[in-house]
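Below: input.pdb (PDB, C-alpha atoms)
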```pdb
ATOM      1  CA  MET A 271      -6.963  -5.484 -15.119  1.00  0.00           C
ATOM      2  CA  ARG A 272      -7.765  -6.384 -11.487  1.00  0.00           C
ATOM      3  CA  ARG A 273     -10.665  -8.549 -12.597  1.00  0.00           C
ATOM      4  CA  ILE A 274      -8.398 -10.445 -15.013  1.00  0.00           C
ATOM      5  CA  ALA A 275      -5.932 -11.314 -12.257  1.00  0.00           C
ATOM      6  CA  GLN A 276      -8.731 -12.449  -9.958  1.00  0.00           C
ATOM      7  CA  VAL A 277     -10.180 -14.650 -12.689  1.00  0.00           C
ATOM      8  CA  LEU A 278      -6.772 -16.197 -13.334  1.00  0.00           C
ATOM      9  CA  SER A 279      -6.259 -16.844  -9.639  1.00  0.00           C
ATOM     10  CA  VAL A 280      -9.422 -18.954  -9.434  1.00  0.00           C
ATOM     11  CA  THR A 281      -8.712 -21.364 -12.288  1.00  0.00           C
ATOM     12  CA  VAL A 282      -8.537 -24.286  -9.883  1.00  0.00           C
ATOM     13  CA  LEU A 283     -11.717 -23.146  -8.167  1.00  0.00           C
ATOM     14  CA  LEU A 284     -13.581 -22.934 -11.472  1.00  0.00           C
ATOM     15  CA  MET A 285     -12.356 -26.353 -12.531  1.00  0.00           C
ATOM     16  CA  THR A 286     -13.580 -27.730  -9.216  1.00  0.00           C
ATOM     17  CA  PHE A 287     -17.030 -26.290  -9.831  1.00  0.00           C
ATOM     18  CA  SER A 288     -17.362 -27.882 -13.261  1.00  0.00           C
ATOM     19  CA  VAL A 289     -18.644 -31.043 -11.567  1.00  0.00           C
ATOM     20  CA  SER A 290     -22.267 -31.941 -10.832  1.00  0.00           C
ATOM     21  CA  LEU A 291     -24.363 -29.803  -8.504  1.00  0.00           C
ATOM     22  CA  ALA A 292     -24.500 -32.559  -5.858  1.00  0.00           C
ATOM     23  CA  THR A 293     -20.728 -32.890  -5.912  1.00  0.00           C
ATOM     24  CA  GLN A 294     -20.373 -29.084  -5.745  1.00  0.00           C
ATOM     25  CA  GLN A 295     -22.550 -28.953  -2.645  1.00  0.00           C
ATOM     26  CA  GLU A 296     -20.557 -31.750  -0.981  1.00  0.00           C
ATOM     27  CA  PHE A 297     -17.333 -29.913  -1.788  1.00  0.00           C
ATOM     28  CA  LEU A 298     -18.700 -26.629  -0.410  1.00  0.00           C
ATOM     29  CA  GLU A 299     -19.905 -28.318   2.777  1.00  0.00           C
ATOM     30  CA  GLU A 300     -16.459 -29.851   3.349  1.00  0.00           C
ATOM     31  CA  LEU A 301     -14.810 -26.545   2.473  1.00  0.00           C
ATOM     32  CA  ARG A 302     -17.024 -24.638   4.917  1.00  0.00           C
ATOM     33  CA  VAL A 303     -16.180 -27.084   7.737  1.00  0.00           C
ATOM     34  CA  LEU A 304     -12.471 -26.545   7.099  1.00  0.00           C
ATOM     35  CA  ALA A 305     -12.884 -22.776   6.791  1.00  0.00           C
ATOM     36  CA  GLU A 306     -14.890 -22.542  10.008  1.00  0.00           C
ATOM     37  CA  ALA A 307     -12.179 -24.598  11.726  1.00  0.00           C
ATOM     38  CA  GLY A 308      -9.660 -21.903  10.765  1.00  0.00           C
ATOM     39  CA  ASP A 309      -8.033 -23.401   7.653  1.00  0.00           C
ATOM     40  CA  ALA A 310      -6.742 -20.306   5.821  1.00  0.00           C
ATOM     41  CA  GLU A 311      -6.585 -21.975   2.401  1.00  0.00           C
ATOM     42  CA  ALA A 312     -10.194 -23.097   2.743  1.00  0.00           C
ATOM     43  CA  GLN A 313     -11.166 -19.585   3.863  1.00  0.00           C
ATOM     44  CA  VAL A 314      -9.583 -18.053   0.755  1.00  0.00           C
ATOM     45  CA  THR A 315     -11.227 -20.640  -1.500  1.00  0.00           C
ATOM     46  CA  LEU A 316     -14.611 -20.029   0.091  1.00  0.00           C
ATOM     47  CA  GLY A 317     -14.036 -16.291  -0.309  1.00  0.00           C
ATOM     48  CA  LEU A 318     -13.363 -16.847  -4.008  1.00  0.00           C
ATOM     49  CA  ALA A 319     -16.554 -18.881  -4.318  1.00  0.00           C
ATOM     50  CA  TYR A 320     -18.574 -15.989  -2.856  1.00  0.00           C
ATOM     51  CA  SER A 321     -16.662 -13.393  -4.846  1.00  0.00           C
ATOM     52  CA  PHE A 322     -17.529 -15.099  -8.135  1.00  0.00           C
ATOM     53  CA  GLY A 323     -20.820 -16.745  -7.165  1.00  0.00           C
ATOM     54  CA  ARG A 324     -19.544 -20.271  -7.798  1.00  0.00           C
ATOM     55  CA  GLY A 325     -21.745 -22.790  -6.007  1.00  0.00           C
ATOM     56  CA  VAL A 326     -23.032 -20.064  -3.668  1.00  0.00           C
ATOM     57  CA  PRO A 327     -24.851 -16.791  -4.280  1.00  0.00           C
ATOM     58  CA  GLN A 328     -22.398 -14.053  -5.297  1.00  0.00           C
ATOM     59  CA  ASP A 329     -21.805 -11.968  -2.156  1.00  0.00           C
ATOM     60  CA  ASP A 330     -18.853  -9.579  -1.880  1.00  0.00           C
ATOM     61  CA  VAL A 331     -19.432  -8.897   1.830  1.00  0.00           C
ATOM     62  CA  GLU A 332     -19.258 -12.623   2.575  1.00  0.00           C
ATOM     63  CA  ALA A 333     -16.178 -12.952   0.354  1.00  0.00           C
ATOM     64  CA  VAL A 334     -14.455 -10.169   2.318  1.00  0.00           C
ATOM     65  CA  ARG A 335     -15.340 -11.893   5.602  1.00  0.00           C
ATOM     66  CA  TRP A 336     -13.600 -15.102   4.516  1.00  0.00           C
ATOM     67  CA  TYR A 337     -10.611 -13.295   2.998  1.00  0.00           C
ATOM     68  CA  ARG A 338     -10.170 -11.278   6.193  1.00  0.00           C
ATOM     69  CA  LEU A 339     -10.175 -14.418   8.354  1.00  0.00           C
ATOM     70  CA  ALA A 340      -7.373 -15.863   6.233  1.00  0.00           C
ATOM     71  CA  ALA A 341      -5.525 -12.540   5.974  1.00  0.00           C
ATOM     72  CA  ASP A 342      -5.621 -12.050   9.740  1.00  0.00           C
ATOM     73  CA  GLN A 343      -3.774 -15.390  10.037  1.00  0.00           C
ATOM     74  CA  GLY A 344      -1.038 -14.042   7.772  1.00  0.00           C
ATOM     75  CA  ASP A 345      -2.166 -15.926   4.660  1.00  0.00           C
ATOM     76  CA  ALA A 346      -0.792 -14.149   1.572  1.00  0.00           C
ATOM     77  CA  GLY A 347      -3.710 -15.232  -0.613  1.00  0.00           C
ATOM     78  CA  GLY A 348      -6.182 -13.769   1.848  1.00  0.00           C
ATOM     79  CA  GLN A 349      -4.151 -10.570   2.078  1.00  0.00           C
ATOM     80  CA  VAL A 350      -3.960 -10.098  -1.696  1.00  0.00           C
ATOM     81  CA  ASN A 351      -7.639 -10.829  -2.187  1.00  0.00           C
ATOM     82  CA  ILE A 352      -8.853  -8.516   0.558  1.00  0.00           C
ATOM     83  CA  GLY A 353      -6.517  -5.862  -0.827  1.00  0.00           C
ATOM     84  CA  LEU A 354      -8.092  -6.248  -4.257  1.00  0.00           C
ATOM     85  CA  MET A 355     -11.559  -5.974  -2.724  1.00  0.00           C
ATOM     86  CA  TYR A 356     -10.541  -2.636  -1.165  1.00  0.00           C
ATOM     87  CA  ALA A 357      -9.019  -1.505  -4.458  1.00  0.00           C
ATOM     88  CA  ASP A 358     -12.286  -2.226  -6.287  1.00  0.00           C
ATOM     89  CA  GLY A 359     -14.658  -1.219  -3.477  1.00  0.00           C
ATOM     90  CA  ARG A 360     -16.285  -4.647  -3.476  1.00  0.00           C
ATOM     91  CA  GLY A 361     -17.820  -5.608  -0.120  1.00  0.00           C
ATOM     92  CA  VAL A 362     -15.912  -2.769   1.553  1.00  0.00           C
ATOM     93  CA  PRO A 363     -15.580   0.945   0.818  1.00  0.00           C
ATOM     94  CA  GLU A 364     -13.075   1.623  -1.964  1.00  0.00           C
ATOM     95  CA  ASP A 365      -9.769   2.546  -0.333  1.00  0.00           C
ATOM     96  CA  ASP A 366      -6.581   2.271  -2.374  1.00  0.00           C
ATOM     97  CA  GLU A 367      -4.350   3.016   0.615  1.00  0.00           C
ATOM     98  CA  GLU A 368      -5.925   0.169   2.595  1.00  0.00           C
ATOM     99  CA  ALA A 369      -5.532  -2.044  -0.489  1.00  0.00           C
ATOM    100  CA  VAL A 370      -1.807  -1.257  -0.632  1.00  0.00           C
ATOM    101  CA  GLN A 371      -1.386  -2.080   3.066  1.00  0.00           C
ATOM    102  CA  TRP A 372      -2.939  -5.538   2.676  1.00  0.00           C
ATOM    103  CA  ILE A 373      -1.112  -6.309  -0.556  1.00  0.00           C
ATOM    104  CA  ARG A 374       2.194  -5.150   0.947  1.00  0.00           C
ATOM    105  CA  LEU A 375       1.779  -7.722   3.753  1.00  0.00           C
ATOM    106  CA  ALA A 376       1.560 -10.468   1.127  1.00  0.00           C
ATOM    107  CA  ALA A 377       4.459  -8.980  -0.850  1.00  0.00           C
ATOM    108  CA  ASP A 378       6.616  -9.082   2.266  1.00  0.00           C
ATOM    109  CA  GLN A 379       6.115 -12.857   2.157  1.00  0.00           C
ATOM    110  CA  GLY A 380       7.357 -12.935  -1.443  1.00  0.00           C
ATOM    111  CA  ASP A 381       3.925 -13.572  -2.990  1.00  0.00           C
ATOM    112  CA  GLY A 382       4.253 -13.064  -6.762  1.00  0.00           C
ATOM    113  CA  ASP A 383       0.719 -11.747  -7.248  1.00  0.00           C
ATOM    114  CA  ALA A 384       1.256  -9.181  -4.496  1.00  0.00           C
ATOM    115  CA  LEU A 385       4.567  -8.091  -6.014  1.00  0.00           C
ATOM    116  CA  LEU A 386       2.865  -7.644  -9.383  1.00  0.00           C
ATOM    117  CA  TRP A 387      -0.023  -5.663  -7.879  1.00  0.00           C
ATOM    118  CA  LEU A 388       2.390  -3.346  -6.084  1.00  0.00           C
ATOM    119  CA  GLY A 389       4.147  -2.731  -9.395  1.00  0.00           C
ATOM    120  CA  LEU A 390       0.836  -1.811 -10.992  1.00  0.00           C
ATOM    121  CA  MET A 391      -0.172   0.380  -8.063  1.00  0.00           C
ATOM    122  CA  TYR A 392       3.099   2.332  -8.134  1.00  0.00           C
ATOM    123  CA  ALA A 393       2.973   2.619 -11.937  1.00  0.00           C
ATOM    124  CA  ASN A 394      -0.563   4.046 -11.754  1.00  0.00           C
ATOM    125  CA  GLY A 395      -0.337   5.979  -8.489  1.00  0.00           C
ATOM    126  CA  GLU A 396      -3.130   3.950  -6.868  1.00  0.00           C
ATOM    127  CA  GLY A 397      -2.906   4.239  -3.074  1.00  0.00           C
ATOM    128  CA  VAL A 398       0.728   5.339  -3.344  1.00  0.00           C
ATOM    129  CA  PRO A 399       2.474   8.192  -5.138  1.00  0.00           C
ATOM    130  CA  GLU A 400       3.181   7.326  -8.768  1.00  0.00           C
ATOM    131  CA  ASP A 401       6.799   6.173  -8.898  1.00  0.00           C
ATOM    132  CA  ASP A 402       8.142   4.377 -11.954  1.00  0.00           C
ATOM    133  CA  VAL A 403      11.433   3.426 -10.276  1.00  0.00           C
ATOM    134  CA  THR A 404       9.605   1.681  -7.439  1.00  0.00           C
ATOM    135  CA  ALA A 405       7.105   0.164  -9.890  1.00  0.00           C
ATOM    136  CA  HIS A 406      10.010  -1.293 -11.884  1.00  0.00           C
ATOM    137  CA  MET A 407      11.475  -2.741  -8.694  1.00  0.00           C
ATOM    138  CA  TRP A 408       8.178  -4.527  -7.890  1.00  0.00           C
ATOM    139  CA  PHE A 409       7.758  -5.765 -11.474  1.00  0.00           C
ATOM    140  CA  ASN A 410      11.320  -7.087 -11.451  1.00  0.00           C
ATOM    141  CA  LEU A 411      10.682  -8.953  -8.191  1.00  0.00           C
ATOM    142  CA  ALA A 412       7.377 -10.310  -9.522  1.00  0.00           C
ATOM    143  CA  ALA A 413       9.015 -11.544 -12.726  1.00  0.00           C
ATOM    144  CA  SER A 414      11.336 -13.719 -10.651  1.00  0.00           C
ATOM    145  CA  ARG A 415       8.324 -15.478  -9.102  1.00  0.00           C
ATOM    146  CA  PHE A 416       6.489 -16.390 -12.312  1.00  0.00           C
ATOM    147  CA  THR A 417       7.138 -18.782 -15.196  1.00  0.00           C
ATOM    148  CA  GLY A 418       5.898 -19.188 -18.738  1.00  0.00           C
ATOM    149  CA  ILE A 419       3.284 -16.849 -20.131  1.00  0.00           C
ATOM    150  CA  ASP A 420       2.703 -15.249 -16.728  1.00  0.00           C
ATOM    151  CA  ARG A 421       6.367 -14.291 -16.512  1.00  0.00           C
ATOM    152  CA  GLU A 422       6.310 -12.997 -20.081  1.00  0.00           C
ATOM    153  CA  GLY A 423       3.453 -10.628 -19.217  1.00  0.00           C
ATOM    154  CA  VAL A 424       5.232  -9.275 -16.149  1.00  0.00           C
ATOM    155  CA  VAL A 425       8.500  -8.865 -18.042  1.00  0.00           C
ATOM    156  CA  ARG A 426       6.667  -7.019 -20.819  1.00  0.00           C
ATOM    157  CA  SER A 427       5.122  -4.602 -18.290  1.00  0.00           C
ATOM    158  CA  ARG A 428       8.494  -4.113 -16.613  1.00  0.00           C
ATOM    159  CA  ASP A 429      10.289  -3.507 -19.905  1.00  0.00           C
ATOM    160  CA  GLU A 430       7.636  -1.058 -21.146  1.00  0.00           C
ATOM    161  CA  LEU A 431       8.075   0.897 -17.945  1.00  0.00           C
ATOM    162  CA  ALA A 432      11.882   0.711 -18.251  1.00  0.00           C
ATOM    163  CA  ALA A 433      11.711   2.346 -21.687  1.00  0.00           C
ATOM    164  CA  GLY A 434      10.724   5.603 -19.945  1.00  0.00           C
ATOM    165  CA  LEU A 435      13.467   5.458 -17.299  1.00  0.00           C
ATOM    166  CA  THR A 436      16.907   6.999 -17.482  1.00  0.00           C
ATOM    167  CA  ALA A 437      19.935   4.746 -17.066  1.00  0.00           C
ATOM    168  CA  ASP A 438      20.361   6.048 -13.506  1.00  0.00           C
ATOM    169  CA  GLN A 439      16.706   5.369 -12.667  1.00  0.00           C
ATOM    170  CA  LEU A 440      16.924   1.854 -14.082  1.00  0.00           C
ATOM    171  CA  ALA A 441      20.091   1.178 -12.066  1.00  0.00           C
ATOM    172  CA  GLU A 442      18.328   2.477  -8.943  1.00  0.00           C
ATOM    173  CA  ALA A 443      15.305   0.223  -9.550  1.00  0.00           C
ATOM    174  CA  GLN A 444      17.568  -2.793  -9.993  1.00  0.00           C
ATOM    175  CA  ARG A 445      19.547  -1.911  -6.851  1.00  0.00           C
ATOM    176  CA  LEU A 446      16.313  -1.579  -4.856  1.00  0.00           C
ATOM    177  CA  ALA A 447      15.130  -4.984  -6.106  1.00  0.00           C
ATOM    178  CA  ARG A 448      18.417  -6.634  -5.108  1.00  0.00           C
ATOM    179  CA  GLU A 449      18.260  -5.052  -1.646  1.00  0.00           C
ATOM    180  CA  TRP A 450      14.627  -6.067  -1.156  1.00  0.00           C
ATOM    181  CA  GLU A 451      15.433  -9.620  -2.247  1.00  0.00           C
ATOM    182  CA  ALA A 452      18.379  -9.813   0.189  1.00  0.00           C
ATOM    183  CA  GLU A 453      16.108  -8.712   3.045  1.00  0.00           C
ATOM    184  CA  HIS A 454      13.303 -11.116   2.060  1.00  0.00           C
ATOM    185  CA  THR A 455      15.046 -14.368   1.309  1.00  0.00           C
ATOM    186  CA  ARG A 456      12.726 -17.094   0.019  1.00  0.00           C
TER     187      ARG A 456
END
```
Kindly present the structure from the file in structure tokens form.
Amino acid sequence: MRRIAQVLSVTVLLMTFSVSLATQQEFLEELRVLAEAGDAEAQVTLGLAYSFGRGVPQDDVEAVRWYRLAADQGDAGGQVNIGLMYADGRGVPEDDEEAVQWIRLAADQGDGDALLWLGLMYANGEGVPEDDVTAHMWFNLAASRFTGIDREGVVRSRDELAAGLTADQLAEAQRLAREWEAEHTR
């Protein structure tokens, strides 16, 4: 499932790399200049290029380096991506607790992908104790950040989880989501 989300998050990157090799190299050179100058969005995009081997040799260690530079600036995309690298043990030792810490930083900024990943992590007990009430809370928050088919998928996951909750647990999950939302206004 993690790989699917990463692939979806690079749709723009893949479309960019569907151009000629010369144009790809020009794009990568411009991207690298921006990334080296500290542009967090460029750093994440360059990290994605290395993660998937698009226009550059596939290199998870190099991808982590670029994600970390962006994440250390507080960029939610960098934080989610480095968290996923820790979750999968790509370019860094596998460490679900470290993954949760990075993803939580992005979630605290209201990042929909991070909210979704926290829901999955709590539902599966990855890096955190398994907790369906908390997982439902994160899924509910994530659903409010997505539209269309993406939202439908999150809602489906949330509702499948809700089917196993008692009425009191569901009310608790909804209360927790409202409180989190009030503390993290968009």
Q: Could you give me, as a list of chain:residue names, the residues within 12 Å of A:Asp342, counting all atoms listed in the file and dropping anything in the same chain fewer than 2 positions from it?
A: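 The residues that qualify are A:Gly308, A:Asp309, A:Ala310, A:Gln313, A:Val314, A:Val334, A:Arg335, A:Trp336, A:Tyr337, A:Arg338, A:Leu339, A:Ala340, A:Gly344, A:Asp345, A:Ala346, A:Gly347, A:Gly348, A:Gln349, A:Val350, A:Ile352, A:Trp372, A:Leu375, A:Ala376.
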Q.
I'd like the contact shell of A:Asn394 - 12 Å cut-off, all atoms listed in the file, skipping same-chain residues fewer than 4 positions apart - returned as a list in words.
A. Met271, Asp366, Trp387, Leu388, Gly389, Leu390, Val398, Pro399, Glu400, Asp401, Asp402, Thr404, Ala405, His406 and Leu431 of chain A
Check which residues satisfy the PyMOL selection byres ((chain A and resi 330) around 9) in the file shown, then give them as a PDB file with C-alpha atoms, in the frame of the given file.
```
ATOM      1  CA  GLY A 317     -14.036 -16.291  -0.309  1.00  0.00           C
ATOM      2  CA  TYR A 320     -18.574 -15.989  -2.856  1.00  0.00           C
ATOM      3  CA  SER A 321     -16.662 -13.393  -4.846  1.00  0.00           C
ATOM      4  CA  PHE A 322     -17.529 -15.099  -8.135  1.00  0.00           C
ATOM      5  CA  GLN A 328     -22.398 -14.053  -5.297  1.00  0.00           C
ATOM      6  CA  ASP A 329     -21.805 -11.968  -2.156  1.00  0.00           C
ATOM      7  CA  VAL A 331     -19.432  -8.897   1.830  1.00  0.00           C
ATOM      8  CA  GLU A 332     -19.258 -12.623   2.575  1.00  0.00           C
ATOM      9  CA  ALA A 333     -16.178 -12.952   0.354  1.00  0.00           C
ATOM     10  CA  VAL A 334     -14.455 -10.169   2.318  1.00  0.00           C
ATOM     11  CA  ARG A 335     -15.340 -11.893   5.602  1.00  0.00           C
ATOM     12  CA  MET A 355     -11.559  -5.974  -2.724  1.00  0.00           C
ATOM     13  CA  ARG A 360     -16.285  -4.647  -3.476  1.00  0.00           C
ATOM     14  CA  GLY A 361     -17.820  -5.608  -0.120  1.00  0.00           C
ATOM     15  CA  VAL A 362     -15.912  -2.769   1.553  1.00  0.00           C
TER      16      VAL A 362
END
```
Q: Name the residues in contact with A:Ala441 at a cut-off of 12 Å, using only C-alpha atoms, excluding same-chain residues fewer than 3 positions from it; report them as a list in words.
A: Val403, Thr404, His406, Met407, Ala432, Leu435, Thr436, Ala437, Asp438, Gln444, Arg445, Leu446, Ala447 and Arg448 of chain A
Pull the closest atom pair for each residue of stretch 331-445 of chain A that gets at most 12 Å from stretch 449-453 of chain A, along with the distance in Å to one decimal, counting all atoms listed in the file, ordering rows by chain and then ascending residue number, as JSON lines.
```
{"residue": "A:Ala377", "atom": "CA", "partner": "A:Trp450", "partner_atom": "CA", "distance": 10.6}
{"residue": "A:Asp378", "atom": "CA", "partner": "A:Trp450", "partner_atom": "CA", "distance": 9.2}
{"residue": "A:Gln379", "atom": "CA", "partner": "A:Glu451", "partner_atom": "CA", "distance": 10.8}
{"residue": "A:Gly380", "atom": "CA", "partner": "A:Glu451", "partner_atom": "CA", "distance": 8.8}
{"residue": "A:Leu385", "atom": "CA", "partner": "A:Trp450", "partner_atom": "CA", "distance": 11.4}
{"residue": "A:Thr404", "atom": "CA", "partner": "A:Trp450", "partner_atom": "CA", "distance": 11.2}
{"residue": "A:Met407", "atom": "CA", "partner": "A:Trp450", "partner_atom": "CA", "distance": 8.8}
{"residue": "A:Trp408", "atom": "CA", "partner": "A:Trp450", "partner_atom": "CA", "distance": 9.5}
{"residue": "A:Asn410", "atom": "CA", "partner": "A:Glu451", "partner_atom": "CA", "distance": 10.4}
{"residue": "A:Leu411", "atom": "CA", "partner": "A:Glu451", "partner_atom": "CA", "distance": 7.6}
{"residue": "A:Ala412", "atom": "CA", "partner": "A:Glu451", "partner_atom": "CA", "distance": 10.9}
{"residue": "A:Ser414", "atom": "CA", "partner": "A:Glu451", "partner_atom": "CA", "distance": 10.2}
{"residue": "A:Arg415", "atom": "CA", "partner": "A:Glu451", "partner_atom": "CA", "distance": 11.5}
{"residue": "A:Glu442", "atom": "CA", "partner": "A:Glu449", "partner_atom": "CA", "distance": 10.5}
{"residue": "A:Ala443", "atom": "CA", "partner": "A:Glu449", "partner_atom": "CA", "distance": 10.0}
{"residue": "A:Gln444", "atom": "CA", "partner": "A:Glu449", "partner_atom": "CA", "distance": 8.7}
{"residue": "A:Arg445", "atom": "CA", "partner": "A:Glu449", "partner_atom": "CA", "distance": 6.2}
```
Padding 8 Å on every side, please: axis-aligned box over the listed atoms of stretch 442-453 of chain A, centre and edge lengths to one decimal in Å, as JSON.
```
{"center_x": 17.1, "center_y": -3.7, "center_z": -3.5, "size_x": 20.9, "size_y": 28.3, "size_z": 29.0}
```
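One finds atom CA of A:Gln343 at 14.7 Å from atom CA of A:Thr315.
The two atoms in question, atom CA of A:Ala413 and atom CA of A:Val425, are spaced 6.0 Å apart.
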Q: Have a look at atom CA of A:Glu430 and atom CA of A:Arg374 and let me know their distance in Å, one decimal.
A: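 For atom CA of A:Glu430 relative to atom CA of A:Arg374, the distance reads 23.1 Å.
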Restore N, CA and C atoms in stretch 354-366 of chain A and list the result as a JSON list (two decimals), in the frame of the given file.
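Written file, part_22.json:
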```json
[["chain", "number", "residue", "atom", "x", "y", "z"],
["A", 354, "LEU", "N", -7.42, -6.49, -2.98],
["A", 354, "LEU", "CA", -8.09, -6.25, -4.26],
["A", 354, "LEU", "C", -9.54, -5.84, -4.05],
["A", 355, "MET", "N", -10.18, -6.38, -3.02],
["A", 355, "MET", "CA", -11.56, -5.97, -2.72],
["A", 355, "MET", "C", -11.59, -4.49, -2.32],
["A", 356, "TYR", "N", -10.63, -4.06, -1.51],
["A", 356, "TYR", "CA", -10.54, -2.64, -1.16],
["A", 356, "TYR", "C", -10.24, -1.79, -2.40],
["A", 357, "ALA", "N", -9.37, -2.26, -3.26],
["A", 357, "ALA", "CA", -9.02, -1.50, -4.46],
["A", 357, "ALA", "C", -10.23, -1.30, -5.36],
["A", 358, "ASP", "N", -11.10, -2.30, -5.43],
["A", 358, "ASP", "CA", -12.29, -2.23, -6.29],
["A", 358, "ASP", "C", -13.53, -1.74, -5.56],
["A", 359, "GLY", "N", -13.47, -1.61, -4.23],
["A", 359, "GLY", "CA", -14.66, -1.22, -3.48],
["A", 359, "GLY", "C", -15.74, -2.28, -3.52],
["A", 360, "ARG", "N", -15.33, -3.53, -3.44],
["A", 360, "ARG", "CA", -16.28, -4.65, -3.48],
["A", 360, "ARG", "C", -16.41, -5.24, -2.07],
["A", 361, "GLY", "N", -17.57, -5.07, -1.46],
["A", 361, "GLY", "CA", -17.82, -5.61, -0.12],
["A", 361, "GLY", "C", -17.27, -4.74, 0.99],
["A", 362, "VAL", "N", -16.50, -3.75, 0.64],
["A", 362, "VAL", "CA", -15.91, -2.77, 1.55],
["A", 362, "VAL", "C", -15.85, -1.44, 0.80],
["A", 363, "PRO", "N", -15.74, -0.33, 1.53],
["A", 363, "PRO", "CA", -15.58, 0.94, 0.82],
["A", 363, "PRO", "C", -14.27, 0.95, 0.02],
["A", 364, "GLU", "N", -14.30, 1.54, -1.16],
["A", 364, "GLU", "CA", -13.08, 1.62, -1.96],
["A", 364, "GLU", "C", -12.04, 2.45, -1.21],
["A", 365, "ASP", "N", -10.84, 1.89, -1.09],
["A", 365, "ASP", "CA", -9.77, 2.55, -0.33],
["A", 365, "ASP", "C", -8.43, 2.01, -0.84],
["A", 366, "ASP", "N", -7.84, 2.74, -1.77],
["A", 366, "ASP", "CA", -6.58, 2.27, -2.37],
["A", 366, "ASP", "C", -5.45, 2.19, -1.37]]
```
